[in-house]
Amino acid sequence: MQTRFWSIVTLLTGIASAVIAAERVPPASGPERRTAVMVELFTSEGCSSCPSADLLLEKLDQSQPVPGAMIIALSEHVDYWNHIGWTDPYSSAVFSSRQAAYARRFHLEGSYTPQMIVDGATELVGSDWSRAESAIAAATKLEKVPIRLSPVRGAVRVEVDAIPSFAGRGKADVYFVLAQDSGTSDVLRGENQGRHLHHVAIVTNIQHVGNVSAKMAFTRDVPTGGNGDLKGVRIIVFVQEPENGRVWGAAMLRPAH
């Protein structure tokens, strides 16, 4: 009888030890789920305030510091600073026009640099880390449209689901972007004379390739152009409402990585 008593005590002690040990083991967790958030920076090598914003975009792109967000960066170099002594080699009137459209949507007096746009819905000074972090975190809470990208011979297959029926007028634009991973410049003139500047996610081409609506998804093989060498190039696709500019979804593919 005594032997049986001690057997029960030993069993209970073992169970209690196992429970305590289990409580000390941290719960298993999988990879953090991240929501794609598109961050555009309108910048210029001719603007003395822009290098700090370029550094912030690089931090967002490389470190991905906002919990729950997969930041898709676009560096869009405007050309309206080129007249003051330095022609930004990455600049284009296309990006100046795109920024001007944002200025109208946000009822601003005009364009300025550096300007950051988060998911087409929030604008802020491009070097303002606190506001950028808040806007990106808020964007992760909004509904997104799934986008799938896959490489095919000489092209990228783009598949976009239909957008919600309550989105604007029920129609949104699909854009296909080529961006250079990084680039540098030694500025010889202008406000940044003597500076060595570094940029990431430099947009080199942006094109409208189609539309989606509440009743119609989008699928298309979009040619990448050139000789097919995509080393150091990232492909970005995003869906944006034409009226209010909201970005409903974005995705990125880096074929040569």
# chains A, B, ... in the order shown; residues from 1 in each chain; ligands from 1
$ residues_around --residues "range 90-102 of chain A" --least-positions-apart "6" --cutoff "6 Å" --atoms "only C-alpha atoms" --output "NGL selection string"
:A and (76-79 or 111)
$ residues_around --residues "Val203 in chain A" --least-positions-apart "2" --cutoff "8 Å" --atoms "only C-alpha atoms" --output "PyMOL selection string"
chain A and resi 74-77+177-180+201+205-206
$ select_by_dssp --residues "range 83-257 of chain A" --states "alpha helix (DSSP H)" --output "ChimeraX atom specification"
/A:93-105,129-139
$ write_last_selection --atoms "N, CA and C atoms" --output "short mmCIF file (atom, residue, chain, number, x, y, z; two decimals), in the first residue's frame"
data_model
loop_
_atom_site.label_atom_id
_atom_site.label_comp_id
_atom_site.auth_asym_id
_atom_site.auth_seq_id
_atom_site.Cartn_x
_atom_site.Cartn_y
_atom_site.Cartn_z
N ALA A 93 10.13 64.06 -66.56
CA ALA A 93 8.90 64.85 -66.50
C ALA A 93 7.70 63.97 -66.15
N VAL A 94 7.81 62.67 -66.42
CA VAL A 94 6.72 61.74 -66.08
C VAL A 94 6.45 61.76 -64.59
N PHE A 95 7.51 61.77 -63.78
CA PHE A 95 7.34 61.77 -62.33
C PHE A 95 6.86 63.12 -61.83
N SER A 96 7.30 64.20 -62.48
CA SER A 96 6.80 65.52 -62.11
C SER A 96 5.29 65.60 -62.35
N SER A 97 4.84 65.04 -63.45
CA SER A 97 3.40 65.04 -63.77
C SER A 97 2.62 64.18 -62.78
N ARG A 98 3.20 63.05 -62.41
CA ARG A 98 2.53 62.18 -61.44
C ARG A 98 2.39 62.89 -60.09
N GLN A 99 3.44 63.59 -59.69
CA GLN A 99 3.39 64.32 -58.43
C GLN A 99 2.39 65.47 -58.49
N ALA A 100 2.32 66.14 -59.63
CA ALA A 100 1.36 67.23 -59.79
C ALA A 100 -0.08 66.73 -59.63
N ALA A 101 -0.34 65.51 -60.11
CA ALA A 101 -1.68 64.93 -59.95
C ALA A 101 -1.98 64.71 -58.47
N TYR A 102 -0.98 64.28 -57.71
CA TYR A 102 -1.17 64.13 -56.26
C TYR A 102 -1.45 65.49 -55.62
N ALA A 103 -0.73 66.52 -56.03
CA ALA A 103 -0.94 67.85 -55.46
C ALA A 103 -2.39 68.29 -55.64
N ARG A 104 -2.96 68.01 -56.80
CA ARG A 104 -4.36 68.36 -57.04
C ARG A 104 -5.29 67.54 -56.15
N ARG A 105 -4.99 66.24 -55.99
CA ARG A 105 -5.84 65.39 -55.16
C ARG A 105 -5.83 65.83 -53.70
N TRP A 129 10.25 60.85 -40.29
CA TRP A 129 10.19 59.43 -39.92
C TRP A 129 8.93 59.12 -39.12
N SER A 130 8.58 59.95 -38.16
CA SER A 130 7.46 59.67 -37.28
C SER A 130 6.15 59.58 -38.06
N ARG A 131 5.91 60.55 -38.95
CA ARG A 131 4.68 60.54 -39.74
C ARG A 131 4.68 59.40 -40.75
N ALA A 132 5.85 59.09 -41.31
CA ALA A 132 5.94 57.98 -42.26
C ALA A 132 5.59 56.67 -41.57
N GLU A 133 6.14 56.45 -40.40
CA GLU A 133 5.87 55.23 -39.65
C GLU A 133 4.39 55.09 -39.32
N SER A 134 3.76 56.18 -38.88
CA SER A 134 2.34 56.15 -38.53
C SER A 134 1.48 55.87 -39.75
N ALA A 135 1.81 56.51 -40.87
CA ALA A 135 1.01 56.33 -42.09
C ALA A 135 1.14 54.91 -42.63
N ILE A 136 2.33 54.36 -42.58
CA ILE A 136 2.55 52.99 -43.07
C ILE A 136 1.82 51.99 -42.18
N ALA A 137 1.92 52.19 -40.86
CA ALA A 137 1.23 51.29 -39.92
C ALA A 137 -0.28 51.34 -40.15
N ALA A 138 -0.82 52.54 -40.37
CA ALA A 138 -2.26 52.67 -40.61
C ALA A 138 -2.67 52.00 -41.91
N ALA A 139 -1.81 52.07 -42.92
CA ALA A 139 -2.13 51.48 -44.23
C ALA A 139 -2.23 49.96 -44.17
#
$ closest_residue --among "A:Lys171, A:Gly210, A:Asp54, A:Pro255" --to "Leu230 in chain A" --atoms "only C-alpha atoms"
A:Pro255
